[in-house]
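What follows is work_0.csv (CSV, C-alpha atoms and all ligand atoms).
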```csv
chain,number,residue,atom,x,y,z
A,631,ALA,CA,0.0,0.0,0.0
A,632,GLU,CA,2.9,2.3,0.8
A,633,TRP,CA,4.5,1.6,-2.5
A,634,ALA,CA,1.3,2.4,-4.4
A,635,ALA,CA,0.9,5.6,-2.4
A,636,ALA,CA,4.5,6.6,-3.2
A,637,VAL,CA,4.1,5.9,-6.9
A,638,ALA,CA,0.8,7.9,-6.9
A,639,ALA,CA,2.4,10.8,-5.0
A,640,VAL,CA,5.0,11.2,-7.8
A,641,ARG,CA,2.7,10.4,-10.7
A,642,ARG,CA,0.1,12.9,-9.8
A,643,LEU,CA,2.5,15.8,-9.5
A,644,PRO,CA,1.5,18.6,-11.9
A,645,ALA,CA,4.0,19.7,-14.5
A,646,ASP,CA,4.9,22.8,-12.6
A,647,ALA,CA,5.3,21.1,-9.2
A,648,ARG,CA,8.3,21.9,-7.1
A,649,VAL,CA,10.0,18.9,-5.6
A,650,LEU,CA,12.6,19.1,-2.8
A,651,LEU,CA,15.0,16.2,-2.0
A,652,ILE,CA,16.7,16.2,1.4
A,653,CYS,CA,18.9,13.8,3.4
A,654,HIS,CA,20.5,13.5,6.7
A,655,VAL,CA,23.2,15.9,8.2
A,656,ASN,CA,26.8,15.1,7.3
A,657,PRO,CA,25.6,13.1,4.3
A,658,ASP,CA,27.4,9.8,3.6
A,659,GLY,CA,27.5,7.8,0.3
A,660,ASP,CA,24.0,6.4,0.8
A,661,ALA,CA,22.4,9.7,1.7
A,662,LEU,CA,23.9,11.6,-1.3
A,663,GLY,CA,23.9,8.7,-3.7
A,664,SER,CA,20.2,7.7,-3.1
A,665,MET,CA,19.1,11.3,-3.1
A,666,LEU,CA,21.0,12.3,-6.3
A,667,GLY,CA,20.3,9.1,-8.1
A,668,PHE,CA,16.6,9.3,-7.4
A,669,GLY,CA,16.7,13.0,-8.4
A,670,LEU,CA,18.2,12.2,-11.8
A,671,GLY,CA,15.4,9.6,-12.2
A,672,LEU,CA,12.7,12.3,-11.4
A,673,ARG,CA,14.4,14.5,-14.0
A,674,ARG,CA,14.0,11.8,-16.5
A,675,LEU,CA,10.4,11.6,-15.6
A,676,GLY,CA,10.0,15.2,-16.6
A,677,VAL,CA,10.0,16.9,-13.2
A,678,ARG,CA,11.5,20.3,-14.0
A,679,GLN,CA,11.5,22.2,-10.7
A,680,LEU,CA,13.7,19.9,-8.7
A,681,GLN,CA,16.2,20.8,-5.9
A,682,ALA,CA,18.3,18.8,-3.5
A,683,THR,CA,19.8,19.9,-0.3
A,684,PHE,CA,21.0,18.7,3.2
A,685,PRO,CA,21.4,20.3,6.6
A,686,GLY,CA,24.6,21.3,8.3
A,687,PRO,CA,27.8,22.3,6.6
A,688,PRO,CA,27.1,22.7,2.9
A,689,GLU,CA,30.4,21.2,1.6
A,690,VAL,CA,30.0,18.0,-0.3
A,691,PRO,CA,32.8,15.6,1.0
A,692,GLU,CA,35.6,15.6,-1.6
A,693,PRO,CA,35.2,11.8,-2.4
A,694,PHE,CA,31.7,12.5,-3.7
A,695,ARG,CA,32.4,15.7,-5.7
A,696,TRP,CA,32.2,13.9,-9.0
A,697,LEU,CA,28.8,12.4,-8.5
A,698,PRO,CA,26.3,12.9,-11.4
A,699,GLY,CA,23.4,15.1,-10.2
A,700,LEU,CA,25.5,17.4,-8.1
A,701,ASP,CA,23.9,20.3,-10.1
A,702,LEU,CA,20.6,19.5,-8.3
A,703,LEU,CA,22.2,20.7,-5.0
A,704,VAL,CA,21.3,24.1,-3.6
A,705,PRO,CA,22.3,25.7,-0.2
A,706,GLN,CA,19.6,24.8,2.3
A,707,ASP,CA,18.6,28.5,2.7
A,708,ALA,CA,17.9,28.7,-1.0
A,709,ALA,CA,15.8,25.5,-1.1
A,710,TYR,CA,12.0,25.8,-1.9
A,711,PRO,CA,10.4,27.1,1.4
A,712,ASP,CA,7.1,25.3,0.6
A,713,PRO,CA,7.7,22.5,-2.0
A,714,ASP,CA,4.7,20.5,-3.3
A,715,LEU,CA,6.6,17.3,-2.4
A,716,VAL,CA,9.5,16.7,-0.2
A,717,ILE,CA,11.4,13.4,-0.4
A,718,CYS,CA,13.7,12.5,2.5
A,719,PHE,CA,16.5,10.0,2.1
A,720,ASP,CA,18.4,7.8,4.7
A,721,ALA,CA,17.2,9.7,7.8
A,722,ALA,CA,15.9,7.6,10.6
A,723,SER,CA,14.2,10.5,12.4
A,724,GLU,CA,13.5,14.2,12.1
A,725,SER,CA,16.4,14.9,14.4
A,726,ARG,CA,18.8,14.0,11.6
A,727,LEU,CA,17.4,16.9,9.4
A,728,GLY,CA,18.5,19.9,11.3
A,729,ASP,CA,16.8,23.1,10.2
A,730,LEU,CA,15.3,21.4,7.2
A,731,VAL,CA,12.7,19.7,9.4
A,732,GLY,CA,10.4,22.7,8.9
A,733,ARG,CA,10.3,21.8,5.1
A,734,LEU,CA,8.4,18.6,6.0
A,735,GLY,CA,5.6,20.6,7.6
A,736,SER,CA,5.4,23.2,4.9
A,737,ALA,CA,5.4,20.8,2.0
A,738,GLY,CA,2.2,19.7,0.2
A,739,ALA,CA,3.2,16.1,1.0
A,740,SER,CA,6.2,14.2,2.4
A,741,LEU,CA,7.7,10.9,1.3
A,742,VAL,CA,10.4,9.1,3.4
A,743,LEU,CA,12.8,6.6,1.9
A,744,ASP,CA,14.9,4.8,4.5
A,745,HIS,CA,16.2,1.5,5.8
A,746,HIS,CA,16.8,2.1,9.5
A,747,ALA,CA,14.9,-0.2,11.8
A,748,SER,CA,14.6,2.7,14.2
A,749,ASN,CA,12.9,4.9,11.6
A,750,THR,CA,10.1,7.0,13.3
A,751,ARG,CA,7.9,7.1,10.1
A,752,PHE,CA,7.8,10.9,10.2
A,753,GLY,CA,6.6,11.3,6.6
A,754,ASP,CA,3.0,11.2,5.1
A,755,ILE,CA,4.2,8.2,3.1
A,756,ASN,CA,7.0,6.0,4.5
A,757,LEU,CA,8.9,3.5,2.4
A,758,VAL,CA,11.1,2.0,5.2
A,759,ASP,CA,12.7,-1.4,4.6
A,760,PRO,CA,14.9,-2.4,7.5
A,761,HIS,CA,16.0,-5.4,5.5
A,762,ALA,CA,17.4,-3.2,2.7
A,763,ALA,CA,21.1,-2.9,2.8
A,764,ALA,CA,20.9,0.8,1.8
A,765,THR,CA,18.4,3.5,1.2
A,766,SER,CA,19.4,3.2,-2.5
A,767,VAL,CA,17.7,-0.2,-2.6
A,768,VAL,CA,14.4,1.4,-1.7
A,769,ALA,CA,15.2,4.2,-4.2
A,770,GLU,CA,15.8,1.8,-7.0
A,771,GLY,CA,12.6,-0.1,-6.2
A,772,LEU,CA,10.6,3.1,-6.5
A,773,LEU,CA,12.3,4.2,-9.7
A,774,ASP,CA,11.5,0.8,-11.1
A,775,ARG,CA,7.8,1.1,-10.2
A,776,LEU,CA,7.8,4.5,-11.7
A,777,GLY,CA,9.1,3.0,-15.0
A,778,VAL,CA,12.4,5.0,-14.9
A,779,PRO,CA,15.1,2.9,-16.7
A,780,LEU,CA,18.6,3.0,-15.1
A,781,ASP,CA,21.2,5.0,-17.0
A,782,ALA,CA,24.9,5.2,-16.1
A,783,ASP,CA,24.5,8.5,-14.2
A,784,ILE,CA,21.7,7.1,-12.0
A,785,ALA,CA,23.6,3.9,-11.6
A,786,ALA,CA,26.8,5.6,-10.5
A,787,CYS,CA,24.9,7.4,-7.7
A,788,LEU,CA,23.1,4.2,-6.6
A,789,TYR,CA,26.3,2.2,-6.7
A,790,VAL,CA,28.1,4.6,-4.5
A,791,ALA,CA,25.2,4.3,-2.0
A,792,LEU,CA,25.1,0.6,-2.1
A,793,SER,CA,28.8,0.0,-1.9
A,794,THR,CA,29.2,2.5,1.0
A,795,ASP,CA,26.5,1.0,3.2
A,796,THR,CA,27.6,-2.6,2.6
A,797,GLY,CA,31.3,-1.7,3.2
A,798,SER,CA,32.2,-2.6,-0.4
A,799,PHE,CA,30.0,-5.7,-0.2
A,800,ARG,CA,31.7,-7.0,2.8
A,801,PHE,CA,29.1,-6.6,5.5
A,802,GLU,CA,26.4,-9.2,6.5
A,803,ALA,CA,23.8,-7.0,4.7
A,804,THR,CA,25.4,-8.2,1.4
A,805,THR,CA,22.6,-10.5,0.3
A,806,PRO,CA,22.0,-12.1,-3.1
A,807,ALA,CA,19.5,-9.2,-3.7
A,808,VAL,CA,22.4,-6.7,-3.2
A,809,HIS,CA,24.6,-8.4,-5.7
A,810,GLU,CA,21.7,-8.6,-8.2
A,811,MET,CA,21.1,-4.9,-7.8
A,812,ALA,CA,24.9,-4.3,-8.2
A,813,ALA,CA,24.7,-6.4,-11.4
A,814,ARG,CA,21.9,-4.2,-12.8
A,815,LEU,CA,23.9,-1.1,-12.0
A,816,LEU,CA,27.1,-2.4,-13.5
A,817,ALA,CA,25.3,-3.4,-16.7
A,818,THR,CA,24.9,0.3,-17.4
A,819,GLY,CA,28.7,0.5,-18.0
A,820,ILE,CA,29.8,2.3,-14.8
A,821,ARG,CA,33.4,1.5,-13.7
A,822,PRO,CA,33.5,0.0,-10.2
A,823,GLY,CA,37.3,0.3,-9.9
A,824,ASP,CA,37.3,4.0,-10.5
A,825,ILE,CA,34.3,4.6,-8.2
A,826,SER,CA,35.8,2.5,-5.3
A,827,ARG,CA,39.2,4.2,-5.6
A,828,ARG,CA,37.6,7.6,-5.5
A,829,ILE,CA,35.2,7.0,-2.6
A,830,PHE,CA,37.3,4.6,-0.4
A,831,ASP,CA,41.0,4.7,-1.4
A,832,THR,CA,41.7,8.4,-1.9
A,833,ARG,CA,42.6,10.8,0.9
A,834,PRO,CA,44.9,13.9,1.2
A,835,PHE,CA,48.3,13.4,2.8
A,836,GLY,CA,47.2,15.6,5.7
A,837,ALA,CA,44.4,13.2,6.5
A,838,VAL,CA,46.8,10.3,6.3
A,839,ARG,CA,49.0,12.0,8.9
A,840,LEU,CA,46.0,13.0,11.0
A,841,PHE,CA,44.8,9.3,11.0
A,842,GLY,CA,48.2,8.3,12.1
A,843,GLU,CA,48.0,10.6,15.1
A,844,ALA,CA,44.5,9.5,16.1
A,845,ILE,CA,45.4,5.8,15.7
A,846,GLY,CA,48.5,6.3,17.7
A,847,ARG,CA,46.6,7.4,20.7
A,848,ALA,CA,43.8,4.7,20.5
A,849,ARG,CA,43.1,2.9,23.7
A,850,LEU,CA,42.2,-0.8,24.0
A,851,GLU,CA,40.1,-2.0,26.9
A,852,PRO,CA,39.9,-5.8,26.8
A,853,GLY,CA,37.6,-6.0,29.8
A,854,ALA,CA,34.9,-3.7,28.4
A,855,ALA,CA,31.6,-5.0,26.9
A,856,GLY,CA,31.6,-8.2,29.1
A,857,GLY,CA,35.2,-9.0,28.1
A,858,ARG,CA,34.5,-8.6,24.4
A,859,GLY,CA,36.7,-5.5,24.3
A,860,LEU,CA,36.4,-1.9,23.4
A,861,VAL,CA,38.9,0.1,21.2
A,862,TRP,CA,38.4,3.9,21.0
A,863,THR,CA,40.1,7.1,19.9
A,864,TYR,CA,39.2,10.7,19.3
A,865,ALA,CA,40.0,13.7,17.0
A,866,THR,CA,39.6,17.3,17.8
A,867,LEU,CA,39.1,20.5,15.8
A,868,ASP,CA,42.7,21.4,16.7
A,869,ASP,CA,43.9,18.1,15.0
A,870,LEU,CA,41.9,19.0,11.9
A,871,ALA,CA,43.3,22.6,11.9
A,872,ARG,CA,46.9,21.4,12.3
A,873,HIS,CA,46.6,19.2,9.3
A,874,ASP,CA,44.4,21.6,7.4
A,875,GLN,CA,41.6,19.1,7.0
A,876,PRO,CA,37.8,19.5,6.9
A,877,PRO,CA,35.7,17.5,9.5
A,878,TYR,CA,34.3,15.0,7.0
A,879,VAL,CA,37.8,13.3,6.5
A,880,LEU,CA,37.2,11.8,10.0
A,881,GLU,CA,34.3,9.7,8.7
A,882,ALA,CA,36.7,7.1,7.5
A,883,LEU,CA,38.7,6.9,10.7
A,884,ILE,CA,36.4,4.3,12.3
A,885,ASP,CA,37.4,1.9,9.5
A,886,SER,CA,41.0,2.1,10.5
A,887,VAL,CA,40.1,1.4,14.2
A,888,ARG,CA,37.5,-1.2,14.0
A,889,CYS,CA,39.9,-3.8,12.5
A,890,THR,CA,41.4,-4.2,16.0
A,891,ALA,CA,41.3,-8.0,16.7
A,892,GLU,CA,41.1,-7.7,20.5
A,893,ALA,CA,37.9,-5.6,20.5
A,894,ASP,CA,34.4,-6.4,19.4
A,895,VAL,CA,33.3,-2.7,19.8
A,896,SER,CA,35.1,0.2,18.3
A,897,CYS,CA,34.4,3.9,18.8
A,898,VAL,CA,35.7,7.2,17.3
A,899,VAL,CA,34.8,10.5,19.1
A,900,LYS,CA,35.0,13.4,16.6
A,901,GLN,CA,34.7,17.0,17.7
A,902,THR,CA,32.3,19.0,15.5
A,903,PRO,CA,32.4,22.7,14.5
A,904,ALA,CA,29.5,23.2,16.9
A,905,GLY,CA,31.8,22.1,19.7
A,906,ASP,CA,30.2,18.8,20.6
A,907,TRP,CA,31.2,15.3,19.6
A,908,ALA,CA,30.0,13.1,16.8
A,909,VAL,CA,30.4,9.6,18.0
A,910,SER,CA,30.7,6.6,15.7
A,911,LEU,CA,30.2,3.1,17.1
A,912,ARG,CA,30.8,-0.3,15.4
A,913,SER,CA,30.4,-3.9,16.6
A,914,LYS,CA,31.5,-7.2,15.2
A,915,GLY,CA,28.4,-8.9,16.5
A,916,ALA,CA,28.6,-9.3,20.3
A,917,VAL,CA,27.0,-5.9,21.0
A,918,ASP,CA,24.0,-4.1,19.6
A,919,VAL,CA,25.6,-0.7,19.4
A,920,SER,CA,22.3,0.9,18.2
A,921,ARG,CA,21.0,0.2,21.8
A,922,VAL,CA,24.0,2.1,23.1
A,923,ALA,CA,23.4,5.0,20.6
A,924,VAL,CA,19.7,5.2,21.3
A,925,ALA,CA,20.3,5.2,25.1
A,926,LEU,CA,22.6,8.2,24.5
A,927,GLY,CA,20.2,10.1,22.2
A,928,GLY,CA,21.3,8.8,18.8
A,929,GLY,CA,20.4,5.8,16.6
A,930,GLY,CA,21.6,3.6,13.8
A,931,HIS,CA,21.8,0.0,13.0
A,932,ARG,CA,22.7,-3.0,15.2
A,933,PHE,CA,26.4,-3.0,14.2
A,934,ALA,CA,26.9,0.6,13.1
A,935,ALA,CA,25.4,3.5,15.1
A,936,GLY,CA,26.2,6.9,16.4
A,937,PHE,CA,25.1,9.8,18.6
A,938,THR,CA,26.0,13.3,19.6
A,939,GLY,CA,28.0,13.5,22.8
A,940,ARG,CA,28.7,16.5,25.1
A,941,GLY,CA,31.3,17.2,27.8
A,942,SER,CA,34.9,15.9,27.6
A,943,VAL,CA,36.1,12.9,25.6
A,944,ASP,CA,36.5,11.0,28.8
A,945,GLU,CA,32.9,11.7,29.8
A,946,VAL,CA,31.6,10.6,26.4
A,947,VAL,CA,33.6,7.4,26.6
A,948,ASP,CA,32.4,6.8,30.2
A,949,SER,CA,28.8,7.2,29.0
A,950,ILE,CA,29.4,4.5,26.3
A,951,ARG,CA,31.1,2.1,28.8
A,952,ALA,CA,28.1,2.4,31.1
A,953,GLU,CA,25.7,1.2,28.3
A,954,LEU,CA,27.9,-1.6,26.8
A,955,ASP,CA,27.0,-4.4,29.2
A,956,GLY,CA,23.3,-3.7,28.7
A,957,ALA,CA,23.7,-4.0,24.9
A,958,LEU,CA,25.4,-7.4,24.9
A,959,LEU,CA,23.7,-9.8,22.6
A,960,ALA,CA,23.3,-13.5,23.3
A,961,VAL,CA,25.9,-14.9,20.9
B,1001,LIG,P1,28.5,6.9,11.3
B,1001,LIG,O1,29.3,6.4,12.4
B,1001,LIG,O2,29.0,6.3,10.0
B,1001,LIG,O3,28.4,8.4,11.3
B,1001,LIG,O4,27.0,6.4,11.4
B,1001,LIG,C1,26.7,5.1,11.5
B,1001,LIG,C2,25.2,5.0,11.6
B,1001,LIG,O5,24.7,5.5,12.8
B,1001,LIG,C3,24.5,5.7,10.5
B,1001,LIG,O6,23.8,4.8,9.7
B,1001,LIG,C4,23.4,6.5,11.2
B,1001,LIG,O7,22.2,6.0,10.9
B,1001,LIG,C5,23.6,6.4,12.6
B,1001,LIG,N1,24.0,7.7,13.3
B,1001,LIG,C6,25.2,8.2,13.4
B,1001,LIG,N2,25.2,9.4,14.1
B,1001,LIG,C7,23.9,9.5,14.5
B,1001,LIG,C8,23.2,10.5,15.3
B,1001,LIG,O8,23.8,11.5,15.8
B,1001,LIG,N3,21.9,10.3,15.5
B,1001,LIG,C9,21.2,9.2,15.0
B,1001,LIG,N4,19.9,9.1,15.2
B,1001,LIG,N5,21.8,8.3,14.3
B,1001,LIG,C10,23.1,8.4,14.0
B,1002,MN,MN,23.6,7.4,6.1
B,1003,MN,MN,22.0,4.2,4.8
```

Could you render the structure as structure tokens?
Ligand code: 5GP
Ligand code: MN
Ligand code: MN
Amino acid sequence: AEWAAAVAAVRRLPADARVLLICHVNPDGDALGSMLGFGLGLRRLGVRQLQATFPGPPEVPEPFRWLPGLDLLVPQDAAYPDPDLVICFDAASESRLGDLVGRLGSAGASLVLDHHASNTRFGDINLVDPHAAATSVVAEGLLDRLGVPLDADIAACLYVALSTDTGSFRFEATTPAVHEMAARLLATGIRPGDISRRIFDTRPFGAVRLFGEAIGRARLEPGAAGGRGLVWTYATLDDLARHDQPPYVLEALIDSVRCTAEADVSCVVKQTPAGDWAVSLRSKGAVDVSRVAVALGGGGHRFAAGFTGRGSVDEVVDSIRAELDGALLAV
């Protein structure tokens, strides 16, 4: 029923309708890729007044600055104040939308595309599939039902989204359906080697050195999480400034920390321009880190979650330690 409602909401748009696409703050590959890929599909359907935007700092992270559809992006202040339809990508709750949350209320209708189990269904129509590996899976499903064929530009966006949220097809979410979708995307002629190198394997030398510092002060606590182990580190605005790096380079730091063999749970505490801490949590399976994140005001998935912390780094890590035992899974 939700699929039919979503198809109808797009199909019945008048020719002069204004459509606004939004996604979560500090957009990742899934947020940007599903939003821009779907936007290019709407353009193919003939939607002419089409904008995309996201809350928070307006810079698109460098690894995504080649994505097709970037021309859809406008600064959030310039986005339609009262669009006919707003479509929201990869956001589990309104709290992930910053100042853009008002656009939901002022829009003629709102459509939410997401894959977080914790999604609060804040749209008029909610396409939320917790079994989908990425929001782009939901986006592709809707494009298909709208009769939009995949082209290489749409496919590049959706491939970025799919490969980001599956950790390059390494995570448990990498189902046969994921590989079937990847096959459809690759059949358009996109180049997976180029795309992967750009989004996963390219970083400025300053960021390489900054990662070295942050990894160098990582702490291992083998007794934490019921003996499953915790590894954590942090990075400050001063670290970023000394290496002349923007905040988003820290998004990849967790991947260099979570490989620690002696820890099931990993954590990176990143100071934000607002002065608080963006916390990333990962688990290898013994702990449901989304429970930790939700208890501390955030959210996410079982094995990848996050929240906003306040106070000192030690206070933030203390608050995590206190929630870990309660989030142990029976494994
Ligand atoms: P990351 O650590 O890559 O920033 O985020 C991992 C997952 O945790 C994301 O899929 C996102 O859904 C969730 N997440 C991260 N930060 C927050 C937050 O501050 N609030 C909520 N609700 N979810 C978050
Ligand atoms: Mn995301
Ligand atoms: Mn996602």

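Among A:Leu662, A:Ala635, A:Leu880, A:Ala721, the residue with the shortest atom-to-atom distance to Arg775 (chain A), counting all atoms listed in the file, is A:Ala635.
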
Expected selection as a PyMOL selection string for ligand MN 1002 (chain B) within 12 Å, all atoms listed in the file: chain A and resi 653-665+684+718-723+726-727+743-746+763-766+790-792+794-796+881+910+929-931+934-936

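Distances from A:Ile784, A:Leu672, A:Val895, A:Val768 to ligand MN 1003 (chain B) were compared using only C-alpha atoms and all ligand atoms, and the smallest one belongs to A:Val768.
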
For the point (36.0, 14.8, 18.2) in file coordinates, what residues are within 6 Å, counting all atoms listed in the file? Give the answer as number ranges by chain? A: 864-866, 899-901, 907

Return the single residue from A:Gly928, A:Gly853, A:Pro760, A:Pro876 that is closest to ligand MN 1003 (chain B), with distances computed using all atoms listed in the file. A:Pro760

Figure out the distance between CA of Val919 (chain A) and CA of Ala957 (chain A), please, to one decimal in Å. 6.7 Å

The residue from A:Glu724, A:Asp729, A:Glu689, A:Asp754 with the smallest atom-to-atom distance to ligand LIG 1001 (chain B), counting all atoms listed in the file, is A:Glu724

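Ranking A:Arg673, A:Arg847, A:Arg821, A:Arg814 by their shortest atom-to-atom distance to Gly699 (chain A), with only C-alpha atoms included, puts A:Arg673 first.
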
Hey, could you patch up region 732-762 of chain A with N, CA and C atoms and hand it over as a PDB file, in the coordinates of the input?
```pdb
ATOM      1  N   GLY A 732      11.579  21.822   9.144  1.00  0.00           N
ATOM      2  CA  GLY A 732      10.400  22.700   8.900  1.00  0.00           C
ATOM      3  C   GLY A 732       9.863  22.470   7.462  1.00  0.00           C
ATOM      4  N   ARG A 733      10.717  22.055   6.521  1.00  0.00           N
ATOM      5  CA  ARG A 733      10.300  21.800   5.100  1.00  0.00           C
ATOM      6  C   ARG A 733       9.239  20.714   5.059  1.00  0.00           C
ATOM      7  N   LEU A 734       9.345  19.743   5.985  1.00  0.00           N
ATOM      8  CA  LEU A 734       8.400  18.600   6.000  1.00  0.00           C
ATOM      9  C   LEU A 734       6.986  19.139   6.210  1.00  0.00           C
ATOM     10  N   GLY A 735       6.875  20.034   7.194  1.00  0.00           N
ATOM     11  CA  GLY A 735       5.600  20.600   7.600  1.00  0.00           C
ATOM     12  C   GLY A 735       4.992  21.496   6.504  1.00  0.00           C
ATOM     13  N   SER A 736       5.866  22.252   5.836  1.00  0.00           N
ATOM     14  CA  SER A 736       5.400  23.200   4.900  1.00  0.00           C
ATOM     15  C   SER A 736       5.168  22.668   3.489  1.00  0.00           C
ATOM     16  N   ALA A 737       5.558  21.397   3.297  1.00  0.00           N
ATOM     17  CA  ALA A 737       5.400  20.800   2.000  1.00  0.00           C
ATOM     18  C   ALA A 737       3.964  20.284   1.785  1.00  0.00           C
ATOM     19  N   GLY A 738       3.542  20.209   0.526  1.00  0.00           N
ATOM     20  CA  GLY A 738       2.200  19.700   0.200  1.00  0.00           C
ATOM     21  C   GLY A 738       2.119  18.214   0.692  1.00  0.00           C
ATOM     22  N   ALA A 739       3.187  17.456   0.522  1.00  0.00           N
ATOM     23  CA  ALA A 739       3.200  16.100   1.000  1.00  0.00           C
ATOM     24  C   ALA A 739       4.675  15.685   1.234  1.00  0.00           C
ATOM     25  N   SER A 740       4.879  14.692   2.081  1.00  0.00           N
ATOM     26  CA  SER A 740       6.200  14.200   2.400  1.00  0.00           C
ATOM     27  C   SER A 740       6.344  12.728   2.207  1.00  0.00           C
ATOM     28  N   LEU A 741       7.475  12.337   1.631  1.00  0.00           N
ATOM     29  CA  LEU A 741       7.700  10.900   1.300  1.00  0.00           C
ATOM     30  C   LEU A 741       9.098  10.593   1.957  1.00  0.00           C
ATOM     31  N   VAL A 742       9.149   9.535   2.769  1.00  0.00           N
ATOM     32  CA  VAL A 742      10.400   9.100   3.400  1.00  0.00           C
ATOM     33  C   VAL A 742      10.871   7.810   2.852  1.00  0.00           C
ATOM     34  N   LEU A 743      12.110   7.815   2.366  1.00  0.00           N
ATOM     35  CA  LEU A 743      12.800   6.600   1.900  1.00  0.00           C
ATOM     36  C   LEU A 743      13.898   6.266   2.844  1.00  0.00           C
ATOM     37  N   ASP A 744      13.857   5.074   3.459  1.00  0.00           N
ATOM     38  CA  ASP A 744      14.900   4.800   4.500  1.00  0.00           C
ATOM     39  C   ASP A 744      14.993   3.276   4.695  1.00  0.00           C
ATOM     40  N   HIS A 745      16.031   2.895   5.465  1.00  0.00           N
ATOM     41  CA  HIS A 745      16.200   1.500   5.800  1.00  0.00           C
ATOM     42  C   HIS A 745      16.681   1.289   7.247  1.00  0.00           C
ATOM     43  N   HIS A 746      16.475   2.278   8.113  1.00  0.00           N
ATOM     44  CA  HIS A 746      16.800   2.100   9.500  1.00  0.00           C
ATOM     45  C   HIS A 746      15.645   1.461  10.267  1.00  0.00           C
ATOM     46  N   ALA A 747      15.953   0.411  11.051  1.00  0.00           N
ATOM     47  CA  ALA A 747      14.900  -0.200  11.800  1.00  0.00           C
ATOM     48  C   ALA A 747      14.266   0.751  12.813  1.00  0.00           C
ATOM     49  N   SER A 748      15.060   1.740  13.241  1.00  0.00           N
ATOM     50  CA  SER A 748      14.600   2.700  14.200  1.00  0.00           C
ATOM     51  C   SER A 748      13.806   3.866  13.601  1.00  0.00           C
ATOM     52  N   ASN A 749      13.521   3.789  12.287  1.00  0.00           N
ATOM     53  CA  ASN A 749      12.900   4.900  11.600  1.00  0.00           C
ATOM     54  C   ASN A 749      11.516   5.247  12.290  1.00  0.00           C
ATOM     55  N   THR A 750      11.290   6.529  12.542  1.00  0.00           N
ATOM     56  CA  THR A 750      10.100   7.000  13.300  1.00  0.00           C
ATOM     57  C   THR A 750       8.904   7.247  12.386  1.00  0.00           C
ATOM     58  N   ARG A 751       9.023   6.981  11.083  1.00  0.00           N
ATOM     59  CA  ARG A 751       7.900   7.100  10.100  1.00  0.00           C
ATOM     60  C   ARG A 751       7.300   8.541  10.227  1.00  0.00           C
ATOM     61  N   PHE A 752       8.177   9.527  10.013  1.00  0.00           N
ATOM     62  CA  PHE A 752       7.800  10.900  10.200  1.00  0.00           C
ATOM     63  C   PHE A 752       7.212  11.533   8.898  1.00  0.00           C
ATOM     64  N   GLY A 753       7.110  10.763   7.819  1.00  0.00           N
ATOM     65  CA  GLY A 753       6.600  11.300   6.600  1.00  0.00           C
ATOM     66  C   GLY A 753       5.077  10.986   6.432  1.00  0.00           C
ATOM     67  N   ASP A 754       4.437  11.609   5.425  1.00  0.00           N
ATOM     68  CA  ASP A 754       3.000  11.200   5.100  1.00  0.00           C
ATOM     69  C   ASP A 754       3.031   9.821   4.545  1.00  0.00           C
ATOM     70  N   ILE A 755       4.038   9.533   3.711  1.00  0.00           N
ATOM     71  CA  ILE A 755       4.200   8.200   3.100  1.00  0.00           C
ATOM     72  C   ILE A 755       5.615   7.732   3.533  1.00  0.00           C
ATOM     73  N   ASN A 756       5.718   6.503   4.024  1.00  0.00           N
ATOM     74  CA  ASN A 756       7.000   6.000   4.500  1.00  0.00           C
ATOM     75  C   ASN A 756       7.384   4.708   3.845  1.00  0.00           C
ATOM     76  N   LEU A 757       8.387   4.762   2.986  1.00  0.00           N
ATOM     77  CA  LEU A 757       8.900   3.500   2.400  1.00  0.00           C
ATOM     78  C   LEU A 757      10.176   3.206   3.226  1.00  0.00           C
ATOM     79  N   VAL A 758       9.985   2.381   4.253  1.00  0.00           N
ATOM     80  CA  VAL A 758      11.100   2.000   5.200  1.00  0.00           C
ATOM     81  C   VAL A 758      11.247   0.535   5.161  1.00  0.00           C
ATOM     82  N   ASP A 759      12.395   0.079   4.687  1.00  0.00           N
ATOM     83  CA  ASP A 759      12.700  -1.400   4.600  1.00  0.00           C
ATOM     84  C   ASP A 759      13.911  -1.680   5.440  1.00  0.00           C
ATOM     85  N   PRO A 760      13.733  -2.138   6.690  1.00  0.00           N
ATOM     86  CA  PRO A 760      14.900  -2.400   7.500  1.00  0.00           C
ATOM     87  C   PRO A 760      15.756  -3.566   6.991  1.00  0.00           C
ATOM     88  N   HIS A 761      15.209  -4.346   6.062  1.00  0.00           N
ATOM     89  CA  HIS A 761      16.000  -5.400   5.500  1.00  0.00           C
ATOM     90  C   HIS A 761      16.829  -4.958   4.283  1.00  0.00           C
ATOM     91  N   ALA A 762      16.581  -3.737   3.816  1.00  0.00           N
ATOM     92  CA  ALA A 762      17.400  -3.200   2.700  1.00  0.00           C
ATOM     93  C   ALA A 762      18.755  -2.835   3.171  1.00  0.00           C
TER      94      ALA A 762
END
```
